[in-house]
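Raw run_35.txt, compact mmCIF, C-alpha atoms:
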# COMPACT_ATOMS: atom_id res chain seq x y z
CA MET U 232 2.16 -84.30 -6.39
CA GLU U 233 5.27 -84.53 -8.58
CA PHE U 234 6.55 -81.65 -10.70
CA ILE U 235 7.98 -84.24 -13.11
CA ASP U 236 6.84 -87.81 -12.46
CA LEU U 237 9.56 -90.28 -13.44
CA LYS U 238 8.37 -92.97 -11.03
CA THR U 239 5.14 -93.76 -12.86
CA GLN U 240 6.94 -94.03 -16.17
CA GLN U 241 9.57 -96.30 -14.64
CA LYS U 242 6.91 -98.70 -13.38
CA LEU U 243 5.73 -99.19 -16.95
CA ILE U 244 9.17 -100.10 -18.30
CA ARG U 245 11.07 -101.33 -15.23
CA LYS U 246 11.16 -104.98 -16.34
CA ASN U 247 12.49 -104.09 -19.79
CA ILE U 248 15.04 -101.66 -18.35
CA ASP U 249 16.27 -104.33 -15.92
CA GLU U 250 16.73 -106.68 -18.88
CA ARG U 251 18.59 -104.01 -20.85
CA ILE U 252 20.92 -103.31 -17.92
CA SER U 253 21.46 -107.03 -17.44
CA ASP U 254 22.47 -107.37 -21.10
CA VAL U 255 25.09 -104.64 -20.63
CA LEU U 256 26.40 -106.27 -17.47
CA ASN U 257 26.65 -109.57 -19.30
CA HIS U 258 28.52 -108.31 -22.37
CA GLY U 259 30.64 -105.90 -20.31
CA GLN U 260 31.09 -103.18 -22.97
CA TYR U 261 30.37 -100.30 -20.61
CA ILE U 262 32.06 -97.81 -22.95
CA GLN U 263 31.04 -97.64 -26.63
CA GLY U 264 28.83 -100.72 -26.33
CA PRO U 265 26.47 -101.88 -29.11
CA GLU U 266 23.45 -100.18 -27.49
CA ILE U 267 24.90 -96.78 -28.40
CA LYS U 268 24.94 -97.43 -32.15
CA ASP U 269 21.48 -98.98 -31.88
CA LEU U 270 20.18 -95.85 -30.13
CA GLU U 271 21.81 -93.56 -32.71
CA ASN U 272 20.17 -95.49 -35.54
CA LYS U 273 16.75 -95.29 -33.91
CA LEU U 274 17.14 -91.56 -33.18
CA SER U 275 18.15 -91.04 -36.81
CA ILE U 276 14.95 -92.73 -37.98
CA PHE U 277 12.85 -90.77 -35.48
CA SER U 278 14.33 -87.36 -36.35
CA LYS U 279 14.96 -88.08 -40.04
CA SER U 280 18.45 -86.74 -39.44
CA LYS U 281 21.13 -88.59 -41.41
CA TYR U 282 23.81 -88.52 -38.71
CA VAL U 283 23.31 -88.81 -34.95
CA LEU U 284 26.07 -88.78 -32.34
CA CYS U 285 25.15 -89.66 -28.77
CA CYS U 286 27.40 -88.05 -26.19
CA SER U 287 27.87 -87.37 -22.49
CA SER U 288 25.50 -84.39 -22.01
CA GLY U 289 23.51 -81.69 -23.77
CA THR U 290 26.28 -79.23 -22.94
CA ASP U 291 28.89 -81.42 -24.61
CA ALA U 292 26.58 -81.79 -27.61
CA LEU U 293 26.60 -78.00 -27.94
CA LEU U 294 30.36 -77.88 -27.51
CA LEU U 295 30.95 -80.62 -30.10
CA GLY U 296 28.61 -78.89 -32.52
CA LEU U 297 30.44 -75.59 -32.19
CA ILE U 298 33.76 -77.36 -32.77
CA ALA U 299 32.31 -78.99 -35.89
CA LEU U 300 31.09 -75.58 -37.10
CA GLY U 301 34.64 -74.25 -36.69
CA LEU U 302 34.04 -71.54 -34.08
CA LYS U 303 37.31 -69.78 -33.26
CA PRO U 304 38.36 -67.60 -30.29
CA GLY U 305 37.12 -64.04 -30.65
CA GLU U 306 34.25 -64.94 -32.97
CA ALA U 307 30.71 -64.24 -31.80
CA VAL U 308 27.54 -66.32 -31.69
CA ILE U 309 24.10 -64.79 -31.11
CA VAL U 310 22.30 -66.53 -28.25
CA PRO U 311 19.15 -65.77 -26.25
CA SER U 312 19.68 -64.55 -22.71
CA PHE U 313 16.45 -66.17 -21.53
CA THR U 314 17.73 -69.72 -21.40
CA PHE U 315 19.88 -72.14 -19.39
CA ALA U 316 23.55 -71.24 -18.98
CA SER U 317 24.93 -74.01 -21.21
CA THR U 318 23.79 -72.25 -24.41
CA ALA U 319 26.22 -69.36 -23.80
CA GLU U 320 28.67 -71.44 -21.78
CA ALA U 321 29.62 -73.67 -24.71
CA VAL U 322 30.50 -70.59 -26.79
CA CYS U 323 32.74 -69.25 -24.02
CA MET U 324 34.49 -72.58 -23.54
CA LEU U 325 35.89 -72.24 -27.08
CA GLY U 326 36.93 -68.65 -26.52
CA GLY U 327 33.95 -67.33 -28.45
CA ILE U 328 31.78 -64.33 -27.63
CA PRO U 329 28.11 -64.86 -26.74
CA PHE U 330 26.14 -61.92 -28.16
CA PHE U 331 22.87 -61.80 -26.22
CA SER U 332 19.58 -61.39 -28.07
CA ASP U 333 16.08 -60.75 -26.79
CA VAL U 334 13.14 -63.17 -27.00
CA LYS U 335 9.45 -62.87 -27.84
CA LEU U 336 6.99 -62.40 -24.99
CA ASN U 337 4.44 -64.81 -26.37
CA THR U 338 6.69 -67.80 -27.23
CA PHE U 339 9.75 -67.21 -24.97
CA ASN U 340 11.96 -67.92 -28.01
CA ILE U 341 14.66 -65.84 -29.66
CA CYS U 342 13.37 -62.88 -31.70
CA GLU U 343 14.53 -62.42 -35.30
CA LYS U 344 14.21 -58.62 -34.98
CA SER U 345 16.52 -58.65 -31.98
CA ILE U 346 18.93 -60.91 -33.90
CA SER U 347 19.09 -58.27 -36.63
CA LYS U 348 19.83 -55.61 -34.03
CA CYS U 349 22.68 -57.76 -32.68
CA ILE U 350 24.15 -57.99 -36.17
CA GLN U 351 23.88 -54.22 -36.70
CA LYS U 352 25.49 -53.53 -33.33
CA SER U 353 28.26 -56.08 -33.94
CA LYS U 354 29.37 -54.16 -37.04
CA LYS U 355 29.74 -50.97 -35.00
CA LEU U 356 31.72 -52.87 -32.35
CA GLY U 357 33.92 -54.63 -34.90
CA ILE U 358 32.81 -58.08 -33.74
CA SER U 359 32.57 -60.91 -36.27
CA ILE U 360 29.34 -62.88 -35.84
CA LYS U 361 29.52 -66.42 -37.22
CA GLY U 362 26.20 -67.92 -36.20
CA ILE U 363 23.05 -68.10 -34.13
CA ILE U 364 22.11 -70.63 -31.47
CA THR U 365 18.34 -70.95 -31.34
CA VAL U 366 16.74 -72.50 -28.25
CA GLY U 367 13.38 -74.27 -28.34
CA LEU U 368 12.52 -73.13 -24.84
CA PHE U 369 9.93 -75.08 -22.82
CA GLY U 370 9.37 -77.41 -25.80
CA GLN U 371 8.43 -75.16 -28.73
CA PRO U 372 10.85 -74.77 -31.65
CA CYS U 373 11.80 -71.26 -32.72
CA ASP U 374 10.23 -69.68 -35.79
CA MET U 375 13.03 -71.03 -37.96
CA ASN U 376 11.87 -69.68 -41.33
CA LYS U 377 12.09 -66.09 -40.09
CA ILE U 378 15.43 -66.73 -38.42
CA LYS U 379 16.79 -68.41 -41.56
CA GLU U 380 15.94 -65.31 -43.58
CA VAL U 381 18.14 -63.23 -41.29
CA ALA U 382 20.89 -65.85 -41.20
CA ASP U 383 20.98 -66.33 -44.96
CA ALA U 384 21.01 -62.57 -45.59
CA ASN U 385 24.06 -62.26 -43.34
CA LYS U 386 25.75 -65.55 -44.34
CA ILE U 387 25.82 -67.01 -40.83
CA TRP U 388 24.91 -70.50 -39.64
CA ILE U 389 22.14 -71.68 -37.30
CA PHE U 390 22.70 -74.22 -34.51
CA ASP U 391 19.51 -75.38 -32.78
CA ASP U 392 19.63 -76.09 -29.05
CA ALA U 393 16.76 -78.58 -28.80
CA ALA U 394 17.51 -79.65 -25.22
CA GLN U 395 13.88 -78.97 -24.30
CA SER U 396 12.22 -79.21 -27.70
CA PHE U 397 13.41 -82.56 -29.04
CA GLY U 398 10.40 -84.37 -30.48
CA ALA U 399 8.55 -81.15 -31.28
CA LYS U 400 7.62 -80.22 -34.85
CA TYR U 401 8.00 -77.14 -37.03
CA ASN U 402 6.36 -77.24 -40.47
CA ASN U 403 6.13 -81.05 -40.15
CA ASN U 404 9.88 -81.37 -39.51
CA ILE U 405 11.04 -82.92 -36.24
CA SER U 406 13.27 -80.77 -34.05
CA GLY U 407 16.76 -82.13 -34.42
CA ASN U 408 16.39 -81.64 -38.15
CA LEU U 409 15.43 -77.97 -38.51
CA CYS U 410 18.80 -76.49 -39.53
CA GLU U 411 22.46 -77.33 -40.24
CA ILE U 412 23.10 -78.92 -36.88
CA SER U 413 21.16 -79.50 -33.65
CA ALA U 414 21.81 -80.67 -30.12
CA THR U 415 19.64 -82.15 -27.39
CA SER U 416 19.93 -83.24 -23.78
CA PHE U 417 18.88 -86.50 -22.15
CA PHE U 418 18.96 -85.04 -18.64
CA PRO U 419 16.38 -87.01 -16.61
CA ALA U 420 13.84 -84.15 -16.48
CA LYS U 421 13.73 -83.72 -20.26
CA PRO U 422 10.83 -85.19 -22.30
CA LEU U 423 13.24 -87.93 -23.42
CA GLY U 424 15.62 -88.38 -20.52
CA CYS U 425 17.96 -91.08 -19.24
CA TYR U 426 18.86 -91.87 -15.62
CA GLY U 427 21.97 -89.70 -15.57
CA ASP U 428 23.58 -87.33 -18.03
CA GLY U 429 23.46 -87.74 -21.78
CA GLY U 430 22.98 -85.82 -24.99
CA ALA U 431 23.02 -86.07 -28.77
CA LEU U 432 24.06 -84.17 -31.86
CA PHE U 433 22.02 -84.26 -35.10
CA THR U 434 23.12 -83.23 -38.59
CA ASN U 435 22.82 -84.10 -42.27
CA ASN U 436 26.37 -82.88 -42.87
CA GLU U 437 28.89 -85.75 -42.93
CA SER U 438 31.84 -83.43 -42.27
CA PHE U 439 30.23 -82.00 -39.13
CA TYR U 440 29.49 -85.51 -37.90
CA LYS U 441 33.03 -86.80 -38.48
CA ILE U 442 34.61 -83.86 -36.65
CA ALA U 443 32.21 -84.19 -33.71
CA TYR U 444 32.70 -87.97 -33.59
CA SER U 445 36.46 -87.58 -33.47
CA CYS U 446 36.29 -84.86 -30.83
CA HIS U 447 34.03 -86.83 -28.50
CA LEU U 448 36.80 -89.46 -28.41
CA HIS U 449 39.64 -87.09 -27.48
CA GLY U 450 40.23 -86.13 -31.13
CA MET U 451 40.96 -89.69 -32.15
CA GLY U 452 41.61 -90.51 -35.80
CA THR U 453 41.31 -93.82 -37.60
CA ASP U 454 43.63 -95.53 -35.09
CA LYS U 455 42.90 -95.64 -31.36
CA TYR U 456 46.02 -93.77 -30.24
CA LYS U 457 46.44 -91.53 -33.27
CA TYR U 458 44.96 -88.07 -32.67
CA GLU U 459 43.90 -85.68 -35.43
CA ARG U 460 42.64 -82.78 -33.30
CA ILE U 461 42.16 -81.63 -29.73
CA GLY U 462 39.03 -83.20 -28.30
CA LEU U 463 37.39 -84.23 -25.06
CA ASN U 464 35.89 -87.23 -23.33
CA GLY U 465 32.32 -86.78 -24.54
CA ARG U 466 31.11 -90.38 -24.66
CA ILE U 467 27.70 -91.50 -23.44
CA ASP U 468 27.68 -94.49 -21.11
CA THR U 469 26.39 -97.73 -22.59
CA LEU U 470 24.03 -98.13 -19.63
CA GLN U 471 22.38 -94.78 -20.37
CA ALA U 472 21.97 -95.72 -24.03
CA ALA U 473 20.34 -98.98 -22.97
CA ILE U 474 17.86 -97.09 -20.77
CA LEU U 475 17.09 -94.61 -23.55
CA LEU U 476 16.30 -97.44 -25.97
CA GLU U 477 13.39 -98.43 -23.74
CA LYS U 478 12.28 -94.88 -23.04
CA LEU U 479 12.31 -94.07 -26.75
CA LYS U 480 9.58 -96.70 -27.23
CA LEU U 481 7.24 -94.57 -25.08
CA PHE U 482 8.33 -91.22 -26.44
CA LYS U 483 5.78 -90.71 -29.23
CA SER U 484 2.83 -91.66 -27.05
CA GLU U 485 4.12 -89.45 -24.23
CA LEU U 486 4.40 -86.49 -26.58
CA VAL U 487 0.70 -86.97 -27.45
CA LYS U 488 -0.16 -87.10 -23.74
CA ARG U 489 1.84 -83.95 -23.01
CA ASP U 490 -0.02 -82.10 -25.75
CA LYS U 491 -3.39 -83.21 -24.33
CA ILE U 492 -2.36 -82.10 -20.85
CA ALA U 493 -1.33 -78.68 -22.16
CA LYS U 494 -4.74 -78.36 -23.80
CA HIS U 495 -6.45 -79.34 -20.51
CA TYR U 496 -4.44 -76.66 -18.71
CA LYS U 497 -5.41 -74.01 -21.24
CA LYS U 498 -9.08 -74.94 -21.23
CA ALA U 499 -9.23 -74.98 -17.42
CA PHE U 500 -7.55 -71.58 -17.08
CA GLN U 501 -9.69 -70.05 -19.81
CA THR U 502 -12.83 -71.33 -18.09
CA LEU U 503 -11.70 -69.79 -14.80
CA ASN U 504 -10.66 -66.55 -16.51
CA THR U 505 -7.55 -66.38 -14.32
CA ASN U 506 -5.44 -63.23 -14.61
CA ILE U 507 -2.44 -64.90 -16.24
CA LYS U 508 -0.96 -65.18 -19.73
CA LEU U 509 -0.92 -68.68 -21.19
CA PRO U 510 1.88 -70.02 -23.45
CA THR U 511 1.40 -69.47 -27.19
CA VAL U 512 2.22 -72.08 -29.83
CA ILE U 513 2.80 -70.56 -33.27
CA PRO U 514 0.97 -71.99 -36.34
CA LYS U 515 2.30 -75.19 -37.94
CA THR U 516 4.20 -75.99 -34.77
CA LYS U 517 3.84 -78.72 -32.15
CA SER U 518 5.52 -78.31 -28.78
CA SER U 519 7.01 -81.19 -26.82
CA TRP U 520 5.81 -79.34 -23.68
CA ALA U 521 8.95 -79.83 -21.64
CA GLN U 522 7.40 -77.24 -19.31
CA PHE U 523 4.02 -75.57 -18.96
CA THR U 524 5.05 -72.00 -18.23
CA ILE U 525 2.63 -69.16 -17.57
CA GLN U 526 3.16 -65.42 -17.11
CA LEU U 527 1.79 -63.77 -14.00
CA SER U 528 0.34 -60.27 -13.99
CA LYS U 529 2.56 -57.45 -12.80
CA GLY U 530 0.88 -57.13 -9.41
CA CYS U 531 1.18 -60.81 -8.47
CA ASN U 532 3.73 -61.73 -5.79
CA ARG U 533 5.47 -64.72 -7.38
CA ASP U 534 7.45 -65.74 -4.30
CA LYS U 535 4.37 -65.74 -2.12
CA LEU U 536 2.41 -67.62 -4.78
CA GLN U 537 5.07 -70.35 -4.89
CA VAL U 538 4.95 -70.76 -1.12
CA GLU U 539 1.16 -70.97 -1.04
CA LEU U 540 1.11 -73.48 -3.89
CA LYS U 541 3.75 -75.57 -2.11
CA ASN U 542 1.58 -75.54 1.01
CA LYS U 543 -1.15 -77.06 -1.15
CA ASN U 544 1.29 -79.73 -2.37
CA ILE U 545 1.69 -78.16 -5.81
CA PRO U 546 5.37 -77.91 -6.80
CA THR U 547 6.49 -75.15 -9.17
CA ALA U 548 9.73 -73.90 -10.70
CA ILE U 549 11.10 -70.65 -12.09
CA TYR U 550 12.87 -70.91 -15.45
CA TYR U 551 14.75 -68.54 -15.36
CA PRO U 552 14.83 -65.96 -12.52
CA ILE U 553 18.08 -64.27 -13.63
CA PRO U 554 18.82 -63.77 -17.35
CA ILE U 555 22.21 -65.03 -18.49
CA HIS U 556 23.46 -61.56 -19.46
CA CYS U 557 22.91 -60.48 -15.83
CA GLN U 558 24.94 -63.36 -14.37
CA THR U 559 28.43 -62.57 -13.07
CA PRO U 560 30.48 -64.48 -15.72
CA TYR U 561 28.51 -62.98 -18.62
CA LYS U 562 27.97 -59.34 -17.63
CA ASN U 563 30.68 -57.96 -19.91
CA PHE U 564 29.51 -59.63 -23.12
CA PRO U 565 27.57 -57.56 -25.70
CA ILE U 566 23.77 -57.41 -25.81
CA SER U 567 21.27 -56.38 -28.46
CA SER U 568 20.54 -52.68 -28.81
CA ASP U 569 16.97 -53.32 -27.58
CA ASN U 570 18.43 -53.93 -24.08
CA LEU U 571 16.64 -57.30 -23.85
CA LYS U 572 13.44 -55.73 -22.55
CA ASN U 573 11.30 -58.85 -22.97
CA THR U 574 13.91 -61.08 -21.32
CA ASN U 575 13.95 -58.84 -18.25
CA ILE U 576 10.15 -58.86 -18.07
CA LEU U 577 9.84 -62.64 -18.38
CA SER U 578 12.47 -63.37 -15.76
CA LYS U 579 10.30 -61.54 -13.23
CA ASN U 580 6.90 -63.01 -14.06
CA VAL U 581 7.17 -66.60 -15.36
CA ILE U 582 6.32 -69.66 -13.32
CA SER U 583 6.23 -73.29 -14.48
CA LEU U 584 3.55 -75.69 -13.29
CA PRO U 585 3.73 -79.50 -13.05
CA MET U 586 4.05 -81.06 -16.50
CA HIS U 587 4.51 -84.73 -17.32
CA PRO U 588 2.57 -87.38 -19.28
CA TYR U 589 0.93 -88.86 -16.18
CA LEU U 590 -0.93 -85.84 -14.84
CA THR U 591 -4.64 -86.54 -14.58
CA LYS U 592 -7.51 -84.24 -15.47
CA GLN U 593 -8.29 -84.08 -11.75
CA ASN U 594 -4.71 -83.01 -11.03
CA ILE U 595 -5.01 -80.20 -13.56
CA GLU U 596 -8.35 -79.02 -12.21
CA TYR U 597 -6.87 -78.93 -8.71
CA ILE U 598 -3.77 -77.01 -9.83
CA THR U 599 -5.65 -74.47 -11.92
CA GLN U 600 -8.42 -73.89 -9.38
CA THR U 601 -5.97 -73.53 -6.50
CA LEU U 602 -3.76 -71.09 -8.40
CA HIS U 603 -6.83 -69.14 -9.51
CA ASN U 604 -8.09 -68.88 -5.93
CA ILE U 605 -4.72 -67.75 -4.57
CA ILE U 606 -4.35 -65.07 -7.23
CA ASN U 607 -7.87 -63.83 -6.62
CA ASN U 608 -7.59 -64.06 -2.81
CA GLN U 609 -10.44 -66.53 -2.63
CA LYS U 610 -10.95 -69.31 -0.12
CA GLN U 611 -8.75 -72.29 -0.92
CA ILE U 612 -10.23 -75.61 -1.85
CA ASN U 613 -9.03 -78.10 0.72
CA PHE U 614 -8.95 -81.40 -1.12
CA LEU U 615 -6.04 -82.98 -2.96
CA PRO U 616 -6.68 -85.59 -5.65
CA THR U 617 -4.93 -88.89 -5.20
Please express what this file holds, its structure, as structure tokens.
Amino acid sequence: MEFIDLKTQQKLIRKNIDERISDVLNHGQYIQGPEIKDLENKLSIFSKSKYVLCCSSGTDALLLGLIALGLKPGEAVIVPSFTFASTAEAVCMLGGIPFFSDVKLNTFNICEKSISKCIQKSKKLGISIKGIITVGLFGQPCDMNKIKEVADANKIWIFDDAAQSFGAKYNNNISGNLCEISATSFFPAKPLGCYGDGGALFTNNESFYKIAYSCHLHGMGTDKYKYERIGLNGRIDTLQAAILLEKLKLFKSELVKRDKIAKHYKKAFQTLNTNIKLPTVIPKTKSSWAQFTIQLSKGCNRDKLQVELKNKNIPTAIYYPIPIHCQTPYKNFPISSDNLKNTNILSKNVISLPMHPYLTKQNIEYITQTLHNIINNQKQINFLPT
């Protein structure tokens, strides 16, 4: 069984991808080829975001966004600690200060109350907070209306890290178009992923777009060798854009399938009455279900559970076992006055189960029943669906 099944998807589109790659090989524009602009236009239509910039990775999308927002050394950005390193990393790369906030236990996403505590603490420390990076962890967007209330009251911007939540919806708006500026990742394991690294920046602000565009080409101005600012090599490869054009055709239907699979998981676990906590999706929100992450009870041995599930050919993953504020490079940065209690709890009890559009109902029944039996020390079922 695959944790994320890219092989089945590839079989469906292999012929078209081969043709796309062949087109690139024939025209030879491996850098800044026409497929990139075509992809940006299609992503703009999909997200209803006026400007889209495809770039080399989700991390570079965050970095380019922060440059466009004008983050300066010594200025702080509130970020969740329960996330992947790149959210805080991009802030540090510009000399900024990541100010770590707690998340909510039920959604895994940044908590507006903890954000407020960060702001209060920053004033005592004499730290200037310029913005918030929200993260749509595991596929669900943050509760943006509540976060916007805090941001507006304190005159700070919001930058949405939609690396896992691209394609999700909040109040009928597609993630990528929920605030001033957003970033996503096209890492292969993401709901919309390429066959290498890639990312994109989304905004309705022309100035943000122009700055980011310039910076992803080494700070280039109107002429090729005339530079207006310090930048980086943040270009996406034409080949990856070509692949994404084909994968984008499947994206909407795969999002529907992911949602159905999440519902199957929930129904199966609720029927079994397993001693776990299922993921919560807030009202008027649709998750892209990048992961299906559950919370184990306090007495469950997660390491042992992973081993036993692996022995039954059920792969799992832990996102994330060590919060960012506990990692060596980030230990000296400030944290919310609530001491990130929920983040510390989640890092010890979450586990992610297989999630992709091609899981069958039989797969889900096998996974849920096996996990239920292990947790309850019952005899294991000894069949594996094909």
**Q.** Residue neighbourhood U:Gly452, 12 Å, only C-alpha atoms, exclusion window fewer than 5 positions, as an MDAnalysis selection string
**A.** chainID U and resid 441:447 457:462
Could the residues in this selection be written to a file with C-alpha atoms, as a PDB file, keeping the file's coordinate frame?
ATOM      1  CA  LYS U 441      33.030 -86.800 -38.480  1.00  0.00           C
ATOM      2  CA  ILE U 442      34.610 -83.860 -36.650  1.00  0.00           C
ATOM      3  CA  ALA U 443      32.210 -84.190 -33.710  1.00  0.00           C
ATOM      4  CA  TYR U 444      32.700 -87.970 -33.590  1.00  0.00           C
ATOM      5  CA  SER U 445      36.460 -87.580 -33.470  1.00  0.00           C
ATOM      6  CA  CYS U 446      36.290 -84.860 -30.830  1.00  0.00           C
ATOM      7  CA  HIS U 447      34.030 -86.830 -28.500  1.00  0.00           C
ATOM      8  CA  LYS U 457      46.440 -91.530 -33.270  1.00  0.00           C
ATOM      9  CA  TYR U 458      44.960 -88.070 -32.670  1.00  0.00           C
ATOM     10  CA  GLU U 459      43.900 -85.680 -35.430  1.00  0.00           C
ATOM     11  CA  ARG U 460      42.640 -82.780 -33.300  1.00  0.00           C
ATOM     12  CA  ILE U 461      42.160 -81.630 -29.730  1.00  0.00           C
ATOM     13  CA  GLY U 462      39.030 -83.200 -28.300  1.00  0.00           C
TER      14      GLY U 462
END
Q: Would you kindly return, as an MDAnalysis selection string, each protein, DNA or RNA residue with an atom no farther than 10 Å from any atom of stretch 521-537 of chain U, considering only C-alpha atoms and excluding same-chain residues fewer than 3 positions away?
A: chainID U and resid 234:235 336:337 339 367:371 394:397 399 420:423 486 489 492:493 496:497 505:511 518 540:543 545:550 576:587 602 605:607
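If you measure from each of U:Phe433, U:Tyr561, U:Trp388, U:Tyr551 to U:Glu320 using all atoms listed in the file, the closest one turns out to be U:Tyr561.
Comparing U:Ser359, U:Thr502, U:Ser484, U:Ser567 by their smallest distance to U:Leu302, the closest is U:Ser359 (using all atoms listed in the file).
The residues that lie within 10 Å of the point (22.3, -60.0, -17.3), counting only C-alpha atoms, are Ser312, Phe313, Phe331, Ile553, Pro554, Ile555, His556, Cys557, Gln558, Thr559, Pro560, Tyr561, Lys562, Asn563, Phe564, Ile566, Asn570, Leu571, Thr574 and Asn575 of chain U.
Relative to atom CA of U:Lys377, atom CA of U:Pro514 is found at 13.1 Å.
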Q) Do you have the atom CA of U:Lys455-atom CA of U:Asn436 distance handy? A) 23.8 Å
Q.
Please report the interatomic distance between atom CA of U:Gln600 and atom CA of U:Pro588 in Å with one decimal.
A. 20.0 Å
Got a minute to add N, CA and C atoms to stretch 381-403 of chain U and dump it as a PDB file, in the frame of the given file?
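As a result, result-v9.pdb now contains:
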ATOM      1  N   VAL U 381      17.107 -64.120 -41.833  1.00  0.00           N
ATOM      2  CA  VAL U 381      18.140 -63.230 -41.290  1.00  0.00           C
ATOM      3  C   VAL U 381      19.523 -63.866 -41.442  1.00  0.00           C
ATOM      4  N   ALA U 382      19.611 -65.158 -41.118  1.00  0.00           N
ATOM      5  CA  ALA U 382      20.890 -65.850 -41.200  1.00  0.00           C
ATOM      6  C   ALA U 382      21.425 -65.901 -42.629  1.00  0.00           C
ATOM      7  N   ASP U 383      20.558 -66.241 -43.557  1.00  0.00           N
ATOM      8  CA  ASP U 383      20.980 -66.330 -44.960  1.00  0.00           C
ATOM      9  C   ASP U 383      21.415 -64.972 -45.499  1.00  0.00           C
ATOM     10  N   ALA U 384      20.677 -63.931 -45.116  1.00  0.00           N
ATOM     11  CA  ALA U 384      21.010 -62.570 -45.590  1.00  0.00           C
ATOM     12  C   ALA U 384      22.376 -62.127 -45.092  1.00  0.00           C
ATOM     13  N   ASN U 385      22.795 -62.668 -43.945  1.00  0.00           N
ATOM     14  CA  ASN U 385      24.060 -62.260 -43.340  1.00  0.00           C
ATOM     15  C   ASN U 385      25.136 -63.355 -43.409  1.00  0.00           C
ATOM     16  N   LYS U 386      24.809 -64.446 -44.108  1.00  0.00           N
ATOM     17  CA  LYS U 386      25.750 -65.550 -44.340  1.00  0.00           C
ATOM     18  C   LYS U 386      26.322 -66.106 -43.037  1.00  0.00           C
ATOM     19  N   ILE U 387      25.421 -66.390 -42.096  1.00  0.00           N
ATOM     20  CA  ILE U 387      25.820 -67.010 -40.830  1.00  0.00           C
ATOM     21  C   ILE U 387      25.013 -68.293 -40.628  1.00  0.00           C
ATOM     22  N   TRP U 388      25.572 -69.213 -39.846  1.00  0.00           N
ATOM     23  CA  TRP U 388      24.910 -70.500 -39.640  1.00  0.00           C
ATOM     24  C   TRP U 388      23.919 -70.461 -38.465  1.00  0.00           C
ATOM     25  N   ILE U 389      23.092 -71.500 -38.400  1.00  0.00           N
ATOM     26  CA  ILE U 389      22.140 -71.680 -37.300  1.00  0.00           C
ATOM     27  C   ILE U 389      22.417 -73.018 -36.634  1.00  0.00           C
ATOM     28  N   PHE U 390      22.491 -73.018 -35.328  1.00  0.00           N
ATOM     29  CA  PHE U 390      22.700 -74.220 -34.510  1.00  0.00           C
ATOM     30  C   PHE U 390      21.530 -74.267 -33.528  1.00  0.00           C
ATOM     31  N   ASP U 391      20.711 -75.309 -33.608  1.00  0.00           N
ATOM     32  CA  ASP U 391      19.510 -75.380 -32.780  1.00  0.00           C
ATOM     33  C   ASP U 391      19.764 -76.142 -31.486  1.00  0.00           C
ATOM     34  N   ASP U 392      19.562 -75.465 -30.370  1.00  0.00           N
ATOM     35  CA  ASP U 392      19.630 -76.090 -29.050  1.00  0.00           C
ATOM     36  C   ASP U 392      18.237 -76.636 -28.735  1.00  0.00           C
ATOM     37  N   ALA U 393      18.059 -77.922 -29.004  1.00  0.00           N
ATOM     38  CA  ALA U 393      16.760 -78.580 -28.800  1.00  0.00           C
ATOM     39  C   ALA U 393      16.746 -79.397 -27.518  1.00  0.00           C
ATOM     40  N   ALA U 394      17.449 -78.922 -26.488  1.00  0.00           N
ATOM     41  CA  ALA U 394      17.510 -79.650 -25.220  1.00  0.00           C
ATOM     42  C   ALA U 394      16.126 -79.851 -24.625  1.00  0.00           C
ATOM     43  N   GLN U 395      15.237 -78.850 -24.827  1.00  0.00           N
ATOM     44  CA  GLN U 395      13.880 -78.970 -24.300  1.00  0.00           C
ATOM     45  C   GLN U 395      12.859 -79.296 -25.383  1.00  0.00           C
ATOM     46  N   SER U 396      13.208 -79.087 -26.631  1.00  0.00           N
ATOM     47  CA  SER U 396      12.220 -79.210 -27.700  1.00  0.00           C
ATOM     48  C   SER U 396      12.373 -80.449 -28.570  1.00  0.00           C
ATOM     49  N   PHE U 397      13.262 -81.368 -28.216  1.00  0.00           N
ATOM     50  CA  PHE U 397      13.410 -82.560 -29.040  1.00  0.00           C
ATOM     51  C   PHE U 397      12.082 -83.322 -29.092  1.00  0.00           C
ATOM     52  N   GLY U 398      11.681 -83.693 -30.296  1.00  0.00           N
ATOM     53  CA  GLY U 398      10.400 -84.370 -30.480  1.00  0.00           C
ATOM     54  C   GLY U 398       9.297 -83.444 -30.932  1.00  0.00           C
ATOM     55  N   ALA U 399       9.518 -82.133 -30.803  1.00  0.00           N
ATOM     56  CA  ALA U 399       8.550 -81.150 -31.280  1.00  0.00           C
ATOM     57  C   ALA U 399       8.617 -81.064 -32.807  1.00  0.00           C
ATOM     58  N   LYS U 400       7.656 -80.354 -33.392  1.00  0.00           N
ATOM     59  CA  LYS U 400       7.620 -80.220 -34.850  1.00  0.00           C
ATOM     60  C   LYS U 400       7.490 -78.758 -35.265  1.00  0.00           C
ATOM     61  N   TYR U 401       8.135 -78.453 -36.387  1.00  0.00           N
ATOM     62  CA  TYR U 401       8.000 -77.140 -37.030  1.00  0.00           C
ATOM     63  C   TYR U 401       7.823 -77.382 -38.518  1.00  0.00           C
ATOM     64  N   ASN U 402       6.674 -76.984 -39.058  1.00  0.00           N
ATOM     65  CA  ASN U 402       6.360 -77.240 -40.470  1.00  0.00           C
ATOM     66  C   ASN U 402       6.559 -78.714 -40.841  1.00  0.00           C
ATOM     67  N   ASN U 403       6.076 -79.588 -39.968  1.00  0.00           N
ATOM     68  CA  ASN U 403       6.130 -81.050 -40.150  1.00  0.00           C
ATOM     69  C   ASN U 403       7.527 -81.643 -40.093  1.00  0.00           C
TER      70      ASN U 403
END
